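As provided, coords-v7.cif (mmCIF, C-alpha atoms) reads as follows.
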data_start
#
loop_
_atom_site.label_atom_id
_atom_site.label_comp_id
_atom_site.auth_asym_id
_atom_site.auth_seq_id
_atom_site.Cartn_x
_atom_site.Cartn_y
_atom_site.Cartn_z
CA MET A 1 87.31 117.51 35.06
CA THR A 2 87.98 117.98 38.76
CA ASP A 3 91.52 117.85 40.05
CA PRO A 4 91.96 114.35 41.50
CA ARG A 5 95.01 115.31 43.55
CA ARG A 6 94.84 115.60 47.32
CA TYR A 7 95.80 118.95 48.79
CA PHE A 8 97.33 119.85 52.16
CA ASP A 9 93.81 120.64 53.41
CA ASP A 10 92.51 117.18 52.45
CA ILE A 11 95.27 115.15 54.10
CA GLN A 12 94.60 114.14 57.72
CA VAL A 13 97.19 113.25 60.37
CA GLY A 14 96.89 109.53 61.13
CA GLU A 15 95.78 108.50 57.63
CA GLU A 16 97.32 105.18 56.61
CA TYR A 17 98.03 103.67 53.23
CA GLU A 18 99.22 100.26 52.10
CA SER A 19 100.61 99.63 48.63
CA PRO A 20 100.32 96.52 46.50
CA GLY A 21 103.28 94.15 46.77
CA ARG A 22 106.17 94.07 44.36
CA THR A 23 108.52 91.16 43.87
CA VAL A 24 112.12 92.30 43.54
CA THR A 25 113.87 90.31 40.83
CA GLU A 26 117.44 89.71 39.72
CA ALA A 27 116.62 91.86 36.68
CA ASP A 28 115.70 94.79 38.92
CA ILE A 29 119.07 94.58 40.68
CA VAL A 30 121.06 94.22 37.44
CA LEU A 31 119.25 97.18 35.87
CA PHE A 32 119.77 99.31 38.96
CA ALA A 33 123.49 98.46 39.00
CA GLY A 34 123.71 99.46 35.34
CA LEU A 35 121.75 102.66 35.80
CA SER A 36 123.43 103.83 38.99
CA GLY A 37 126.92 102.48 38.31
CA ASP A 38 126.94 100.87 41.76
CA TYR A 39 128.49 97.46 41.10
CA ASN A 40 129.26 96.66 44.74
CA VAL A 41 129.83 92.91 45.16
CA LEU A 42 126.86 92.84 47.56
CA HIS A 43 124.63 93.26 44.51
CA THR A 44 126.57 91.75 41.65
CA ASP A 45 128.81 88.82 42.68
CA ALA A 46 126.77 85.68 43.44
CA GLU A 47 129.82 83.58 44.31
CA PHE A 48 131.30 86.13 46.69
CA MET A 49 127.93 86.58 48.39
CA LYS A 50 127.54 82.83 49.01
CA GLN A 51 130.27 83.29 51.63
CA SER A 52 128.67 86.38 53.19
CA ILE A 53 126.21 86.59 56.09
CA PHE A 54 123.43 87.09 53.53
CA GLY A 55 124.26 83.92 51.58
CA GLU A 56 123.30 85.52 48.27
CA ARG A 57 123.16 88.84 46.41
CA ILE A 58 120.94 91.51 47.96
CA ALA A 59 119.21 94.51 46.44
CA HIS A 60 120.81 97.94 46.70
CA GLY A 61 119.35 99.81 49.67
CA LEU A 62 118.62 102.74 47.37
CA LEU A 63 116.78 100.41 44.96
CA GLY A 64 114.43 99.45 47.80
CA LEU A 65 114.03 103.13 48.66
CA SER A 66 113.26 104.02 45.04
CA ILE A 67 110.80 101.13 44.66
CA GLN A 68 108.89 102.23 47.75
CA ALA A 69 108.70 105.74 46.27
CA GLY A 70 107.10 104.13 43.21
CA LEU A 71 104.79 102.01 45.38
CA PHE A 72 103.62 105.16 47.18
CA THR A 73 102.06 106.38 43.93
CA ARG A 74 100.07 103.12 43.85
CA ALA A 75 99.09 103.23 47.53
CA THR A 76 97.02 106.41 47.50
CA GLN A 77 95.66 109.15 45.29
CA ALA A 78 98.43 111.54 44.27
CA TYR A 79 99.23 114.44 46.56
CA ALA A 80 99.47 117.95 45.10
CA THR A 81 103.19 117.80 45.88
CA LEU A 82 105.30 120.87 45.17
CA ALA A 83 108.58 119.49 46.46
CA PHE A 84 110.24 116.61 48.21
CA VAL A 85 112.39 118.22 50.86
CA GLY A 86 114.10 115.39 52.67
CA LEU A 87 114.10 112.10 54.47
CA ARG A 88 115.54 110.17 57.42
CA TRP A 89 115.94 106.50 56.58
CA LYS A 90 117.12 103.22 58.10
CA PHE A 91 117.98 99.98 56.35
CA LYS A 92 116.90 97.25 58.77
CA GLY A 93 117.34 94.08 56.77
CA PRO A 94 118.25 92.75 53.33
CA ILE A 95 115.92 92.56 50.32
CA LYS A 96 116.81 89.34 48.53
CA ILE A 97 116.01 88.23 44.99
CA GLY A 98 112.41 86.98 44.95
CA ASP A 99 111.32 88.90 48.04
CA THR A 100 108.01 90.72 47.75
CA ILE A 101 107.93 94.11 49.41
CA ARG A 102 105.12 96.52 50.11
CA LEU A 103 104.91 99.99 51.60
CA ARG A 104 102.93 100.97 54.67
CA ALA A 105 102.72 104.72 55.17
CA LYS A 106 101.08 106.93 57.77
CA VAL A 107 100.68 110.70 57.92
CA ALA A 108 102.70 111.55 61.04
CA ALA A 109 102.49 115.35 61.02
CA LYS A 110 101.28 118.42 59.14
CA LYS A 111 102.94 121.79 59.58
CA GLU A 112 102.28 125.29 58.32
CA THR A 113 105.12 126.93 56.45
CA SER A 114 106.04 130.58 55.97
CA LYS A 115 104.17 130.51 52.65
CA PRO A 116 100.35 130.45 52.94
CA ASP A 117 99.81 128.45 49.73
CA ARG A 118 101.54 125.29 50.97
CA GLY A 119 102.27 123.06 53.97
CA LEU A 120 104.71 120.39 55.11
CA VAL A 121 103.50 116.78 55.36
CA THR A 122 105.65 114.19 57.17
CA LEU A 123 104.98 110.55 56.37
CA GLU A 124 106.19 107.58 58.39
CA ARG A 125 107.04 104.82 55.96
CA THR A 126 107.71 101.15 56.55
CA VAL A 127 108.82 98.70 53.86
CA VAL A 128 107.88 95.14 54.80
CA ASN A 129 108.66 91.84 53.10
CA GLN A 130 106.42 88.78 52.54
CA ARG A 131 107.11 87.58 56.10
CA GLY A 132 106.05 90.91 57.59
CA GLU A 133 109.64 91.79 58.50
CA VAL A 134 110.55 95.46 58.31
CA VAL A 135 113.38 95.83 55.80
CA GLN A 136 113.46 99.63 55.61
CA GLU A 137 111.77 102.43 57.53
CA GLY A 138 111.92 106.15 57.84
CA GLU A 139 110.23 109.50 57.45
CA THR A 140 109.84 111.68 54.40
CA ASP A 141 108.94 115.37 54.22
CA LEU A 142 106.86 116.74 51.37
CA ILE A 143 105.70 120.24 50.58
CA VAL A 144 102.08 120.00 49.48
CA GLU A 145 99.93 122.69 47.88
CA ARG A 146 96.87 124.10 49.65
CA ARG A 147 93.56 124.50 47.91
CA ARG A 148 93.23 127.92 46.36
CA GLY A 149 91.28 130.23 48.59
CA SER A 150 91.70 128.09 51.69
CA PRO A 151 92.68 130.07 54.77
CA MET B 152 148.97 84.81 39.00
CA SER B 153 145.76 86.21 40.36
CA LEU B 154 145.36 89.27 42.50
CA ALA B 155 142.33 89.87 44.70
CA ALA B 156 140.45 93.01 43.73
CA PRO B 157 141.56 95.81 46.04
CA ARG B 158 139.05 97.05 48.59
CA PHE B 159 139.12 100.06 50.85
CA TYR B 160 138.79 98.92 54.47
CA PHE B 161 137.84 100.67 57.69
CA GLU B 162 141.53 101.24 58.48
CA ASP B 163 142.04 102.96 55.11
CA VAL B 164 139.31 105.55 55.62
CA VAL B 165 140.81 108.96 56.35
CA LEU B 166 138.80 111.08 58.76
CA HIS B 167 137.86 114.44 57.19
CA GLY B 168 139.44 113.44 53.88
CA VAL B 169 137.48 115.00 51.01
CA LEU B 170 136.62 112.92 47.98
CA GLU B 171 135.40 114.61 44.81
CA THR B 172 133.90 112.48 42.03
CA PRO B 173 133.77 112.99 38.27
CA ALA B 174 130.50 114.42 36.95
CA ILE B 175 127.56 112.98 35.05
CA THR B 176 124.95 114.73 32.90
CA LEU B 177 121.35 113.86 33.74
CA THR B 178 119.50 112.74 30.62
CA GLU B 179 115.99 111.74 29.52
CA ALA B 180 117.37 108.20 29.29
CA HIS B 181 118.23 108.19 33.01
CA VAL B 182 114.78 109.49 33.90
CA GLY B 183 113.04 106.98 31.62
CA LEU B 184 115.04 103.99 32.83
CA TYR B 185 114.69 104.97 36.45
CA GLY B 186 110.95 105.55 36.07
CA GLY B 187 110.40 102.21 34.37
CA LEU B 188 112.49 100.35 36.92
CA THR B 189 111.14 101.90 40.10
CA GLY B 190 107.77 103.42 39.22
CA ASP B 191 108.99 106.68 40.73
CA ALA B 192 108.46 109.66 38.46
CA ALA B 193 109.30 113.35 38.41
CA ARG B 194 106.56 115.81 39.34
CA GLU B 195 106.66 117.43 35.93
CA HIS B 196 108.22 116.88 32.54
CA GLY B 197 111.85 117.97 32.36
CA LEU B 198 112.47 117.57 36.08
CA VAL B 199 114.55 114.71 37.44
CA PRO B 200 112.98 112.44 40.12
CA ASP B 201 114.45 113.55 43.46
CA LEU B 202 115.97 110.21 44.43
CA LEU B 203 117.67 109.57 41.07
CA PRO B 204 120.66 111.94 41.59
CA LEU B 205 121.25 110.31 44.96
CA CYS B 206 121.35 106.86 43.30
CA LEU B 207 123.78 108.16 40.65
CA THR B 208 126.19 109.59 43.22
CA THR B 209 126.73 106.09 44.58
CA GLY B 210 127.96 105.05 41.15
CA LEU B 211 130.08 108.21 40.82
CA GLY B 212 131.79 107.11 44.01
CA TRP B 213 133.15 104.15 42.01
CA ARG B 214 134.92 106.42 39.56
CA VAL B 215 137.43 107.94 41.96
CA PRO B 216 141.05 106.74 42.05
CA GLN B 217 140.49 104.71 45.21
CA PRO B 218 139.28 101.12 45.62
CA PRO B 219 135.62 100.62 46.58
CA LEU B 220 134.76 100.81 50.26
CA ALA B 221 134.32 97.34 51.82
CA VAL B 222 130.74 98.05 52.91
CA LEU B 223 129.16 95.30 55.03
CA ALA B 224 125.88 97.15 55.42
CA PHE B 225 124.36 100.49 54.51
CA MET B 226 122.72 101.32 57.83
CA GLY B 227 120.86 104.51 57.08
CA PHE B 228 121.00 108.11 55.95
CA GLU B 229 119.45 111.55 56.17
CA TRP B 230 118.94 113.53 53.01
CA VAL B 231 117.87 117.06 52.12
CA VAL B 232 116.81 118.27 48.69
CA ASP B 233 117.88 121.89 48.35
CA LEU B 234 117.14 122.64 44.69
CA PRO B 235 115.33 120.82 41.86
CA LEU B 236 117.38 119.26 39.05
CA ARG B 237 116.43 119.25 35.37
CA VAL B 238 117.38 117.04 32.45
CA GLY B 239 120.62 118.48 31.05
CA ASP B 240 122.05 119.44 34.43
CA THR B 241 125.46 117.96 35.27
CA ILE B 242 126.14 116.77 38.80
CA HIS B 243 129.05 115.46 40.79
CA SER B 244 129.45 114.69 44.45
CA ARG B 245 131.79 115.73 47.22
CA SER B 246 132.04 113.65 50.35
CA LYS B 247 133.88 113.64 53.62
CA THR B 248 134.06 111.11 56.46
CA THR B 249 133.15 112.89 59.68
CA ILE B 250 132.87 109.99 62.14
CA LYS B 251 134.88 106.76 62.39
CA ARG B 252 133.96 104.35 65.18
CA SER B 253 135.74 101.02 65.54
CA MET B 254 133.63 98.01 66.57
CA ARG B 255 134.52 94.40 67.21
CA ASP B 256 133.52 93.27 63.71
CA GLY B 257 134.21 96.17 61.42
CA GLY B 258 133.58 99.82 62.06
CA VAL B 259 130.93 102.47 61.56
CA ILE B 260 131.65 105.47 59.40
CA VAL B 261 129.52 108.53 58.83
CA GLU B 262 130.01 110.23 55.48
CA GLU B 263 128.69 113.69 54.64
CA ARG B 264 127.85 113.99 50.97
CA GLN B 265 126.89 116.93 48.78
CA VAL B 266 125.54 116.78 45.25
CA ILE B 267 126.71 119.80 43.26
CA ASN B 268 125.45 121.08 39.91
CA GLN B 269 127.35 122.66 36.99
CA ARG B 270 127.03 126.10 38.61
CA GLY B 271 128.65 124.89 41.84
CA GLU B 272 125.37 125.00 43.77
CA VAL B 273 124.66 122.30 46.37
CA VAL B 274 121.43 120.74 45.12
CA GLN B 275 121.13 117.86 47.61
CA HIS B 276 123.07 116.95 50.73
CA GLY B 277 123.04 114.57 53.68
CA LYS B 278 124.78 112.05 55.88
CA PHE B 279 125.28 108.33 55.31
CA THR B 280 126.07 105.68 57.92
CA PHE B 281 127.92 102.54 56.76
CA LEU B 282 129.21 99.45 58.51
CA VAL B 283 132.61 98.78 56.92
CA ALA B 284 134.82 95.69 57.10
CA LYS B 285 138.22 95.76 58.74
CA ARG B 286 141.25 94.58 56.84
CA PRO B 287 141.47 90.78 57.09
CA ALA B 288 144.27 89.78 59.46
#

Translate this file's structure into structure tokens.
Amino acid sequence: MTDPRRYFDDIQVGEEYESPGRTVTEADIVLFAGLSGDYNVLHTDAEFMKQSIFGERIAHGLLGLSIQAGLFTRATQAYATLAFVGLRWKFKGPIKIGDTIRLRAKVAAKKETSKPDRGLVTLERTVVNQRGEVVQEGETDLIVERRRGSP
Amino acid sequence: MSLAAPRFYFEDVVLHGVLETPAITLTEAHVGLYGGLTGDAAREHGLVPDLLPLCLTTGLGWRVPQPPLAVLAFMGFEWVVDLPLRVGDTIHSRSKTTIKRSMRDGGVIVEERQVINQRGEVVQHGKFTFLVAKRPA
């Protein structure tokens, strides 16, 4: 069977991907609070949040970030990723219960590294809701393997 | 008698004060739950998905002897993964507020955070920017 993963050599600057949508539910937020231990009232106290500028509970920013990481795997064929090295991220707006988010990603840059068997791929990522509003955006850096024998 | 839950406001944040959290051991259960919830998986069996330790440090921040920060909004962050983590590793976090900027409604704080493993190595680190409420008058 051939390796279905995409290598540094295969990935082109300017490529764009769009994921399927995912509806963020109350259950997602409750599970994430339980898993992470982050019980901030923003995510867990419906009565308190009625009085806030959001009017209701909102998803943890890091839940949205983690969901987009999951959506990335459904947006394109897997990369031959060796390591995730970092990100720069902005939270632009709330994700509320019942919102449906999707990921739009674009290959912004490819760079050689000191090691000849790998390269750095920078992706621009935008998380949009059902109204097309950007709720999160940023850049992620991945180290991706080169095809064996490629120059 | 009822007492409002204490919160840590902008005025309470000490510039350059270091906060060290208790530790947590990364387990298969964390990886499985996180994977099922988010769809984000580790690159290989036994490794921990890179964003999971970051998510856990937020919860560790609730286990220090200080009331929770009155966050109005998590504005953004930069993050660097220095070393991979495996199931069985034990992490804690160390953080420090490096910038405090007062605004009309609340204030912006920048917090530098390190995730440290059981050998004392920094495995992930970065900077968070929060909008924090001021103490109600």

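Residues from chain B found within 8 Å of chain A are His181, Leu184, Tyr185, Leu188, Thr189, Gly190, Asp191, Ala192, Arg194, Asp201, Leu202, Cys206, Leu207, Thr208, Thr209, Gly210, Leu211, Trp213, Pro219, Phe225, Met226, Gly227, Phe228, Glu229, Trp230, Val231, Val232 and Asp233 of chain B, counting all atoms listed in the file.
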
request  = Can you pull out every residue within 12 Å of Ser253 of chain B, counting only C-alpha atoms, but drop anything in the same chain fewer than 3 positions away, and send it as a list in words?
outcome  = Tyr160, Phe161, Glu162, Val164, Ile250, Asp256, Gly257, Gly258, Val259, Ile260, Val261, Phe281, Leu282, Val283, Ala284 and Lys285 of chain B

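Using only C-alpha atoms, the contacts of Gly14 of chain A at a cut-off of 8 Å, with sequence neighbours closer than 2 positions omitted, comprise Gln12, Glu16, Lys106, Val107 and Ala108 of chain A.
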
message = Which residues are close to segment 116-126 of chain A, i.e. within 9 Å by only C-alpha atoms, leaving aside same-chain residues fewer than 3 positions away? Reply as a ChimeraX atom specification.
response = /A:7-9,11,13,68,82,102-113,134-151

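Atom to atom, atom CA of Lys115 of chain A and atom CA of Thr2 of chain A stand 24.7 Å apart.
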
request  = Rank nothing, just name the residue among A:Ala59, A:Ala46, A:Ile101, A:Ala75 nearest to Gln130 of chain A, using all atoms listed in the file.
outcome  = A:Ile101

Polymer residues at most 8 Å from (130.0, 115.0, 41.5) by all atoms listed in the file, as number ranges by chain = B: 171-175, 208, 211, 242-245, 266-268

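Of the listed residues (B:His276, B:Arg270, B:Arg237, B:Arg264), B:Arg264 comes nearest to Gly168 of chain B; the distances count all atoms listed in the file.
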
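Distance check against Val273 of chain B using all atoms listed in the file: of B:Arg286, B:Arg252, B:Leu236, B:Ala180, the minimum falls on B:Leu236.
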
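Minimum distance to Gly197 of chain B across B:Pro157, B:Gly212, B:Gly183, B:Gly271 (counting all atoms listed in the file) occurs at B:Gly183.
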
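The space between atom CA of Thr248 of chain B and atom CA of Glu262 of chain B spans 4.3 Å.
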
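Atom CA of Arg214 of chain B is positioned 15.5 Å from atom CA of Thr241 of chain B.
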
query = For the file shown, what are the residues hit by the PyMOL selection byres ((chain B and resi 239) around 7), laid out as a ChimeraX atom specification?
reply = /B:176-178,237-238,240-241

ask   = Which residue, A:Thr25, A:Asp99, A:Thr44, A:Arg6, has the smallest gap to Val127 of chain A when you use all atoms listed in the file?
value = A:Asp99

key: Counting all atoms listed in the file, the option among A:Gln51, A:Asn129, A:Ser19, A:Thr76 closest to Lys96 of chain A   = A:Asn129

Could you rebuild segment 3-17 of chain A with N, CA, C and O atoms and give it back as a compact mmCIF listing (two decimals), in the frame of the given file?
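Output saved as result_32.txt:
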# COMPACT_ATOMS: atom_id res chain seq x y z
N ASP A 3 90.14 118.22 39.73
CA ASP A 3 91.52 117.85 40.05
C ASP A 3 91.51 116.67 41.03
O ASP A 3 91.00 116.80 42.14
N PRO A 4 92.03 115.52 40.61
CA PRO A 4 91.96 114.35 41.50
C PRO A 4 93.02 114.35 42.60
O PRO A 4 93.02 113.48 43.45
N ARG A 5 93.91 115.33 42.58
CA ARG A 5 95.01 115.31 43.55
C ARG A 5 94.52 115.72 44.94
O ARG A 5 93.55 116.46 45.07
N ARG A 6 95.20 115.25 45.95
CA ARG A 6 94.84 115.60 47.32
C ARG A 6 95.74 116.73 47.80
O ARG A 6 96.95 116.66 47.70
N TYR A 7 95.09 117.76 48.33
CA TYR A 7 95.80 118.95 48.79
C TYR A 7 96.10 118.87 50.28
O TYR A 7 95.55 118.02 50.99
N PHE A 8 96.95 119.78 50.73
CA PHE A 8 97.33 119.85 52.16
C PHE A 8 96.09 119.81 53.05
O PHE A 8 96.06 119.11 54.06
N ASP A 9 95.05 120.55 52.63
CA ASP A 9 93.81 120.64 53.41
C ASP A 9 93.09 119.29 53.53
O ASP A 9 92.38 119.04 54.49
N ASP A 10 93.25 118.45 52.51
CA ASP A 10 92.51 117.18 52.45
C ASP A 10 93.18 116.09 53.30
O ASP A 10 92.54 115.14 53.72
N ILE A 11 94.49 116.21 53.46
CA ILE A 11 95.27 115.15 54.10
C ILE A 11 95.12 115.26 55.62
O ILE A 11 95.26 116.35 56.18
N GLN A 12 94.81 114.13 56.27
CA GLN A 12 94.60 114.14 57.72
C GLN A 12 95.73 113.39 58.43
O GLN A 12 96.14 112.32 57.98
N VAL A 13 96.19 113.94 59.54
CA VAL A 13 97.19 113.25 60.37
C VAL A 13 96.59 111.92 60.83
O VAL A 13 95.43 111.87 61.23
N GLY A 14 97.36 110.86 60.71
CA GLY A 14 96.89 109.53 61.13
C GLY A 14 96.40 108.68 59.97
O GLY A 14 96.21 107.47 60.13
N GLU A 15 96.18 109.28 58.81
CA GLU A 15 95.78 108.50 57.63
C GLU A 15 96.82 107.43 57.33
O GLU A 15 98.02 107.68 57.44
N GLU A 16 96.37 106.25 56.93
CA GLU A 16 97.32 105.18 56.61
C GLU A 16 97.06 104.63 55.22
O GLU A 16 95.91 104.58 54.77
N TYR A 17 98.13 104.24 54.57
CA TYR A 17 98.03 103.67 53.23
C TYR A 17 98.84 102.38 53.18
O TYR A 17 99.84 102.25 53.86
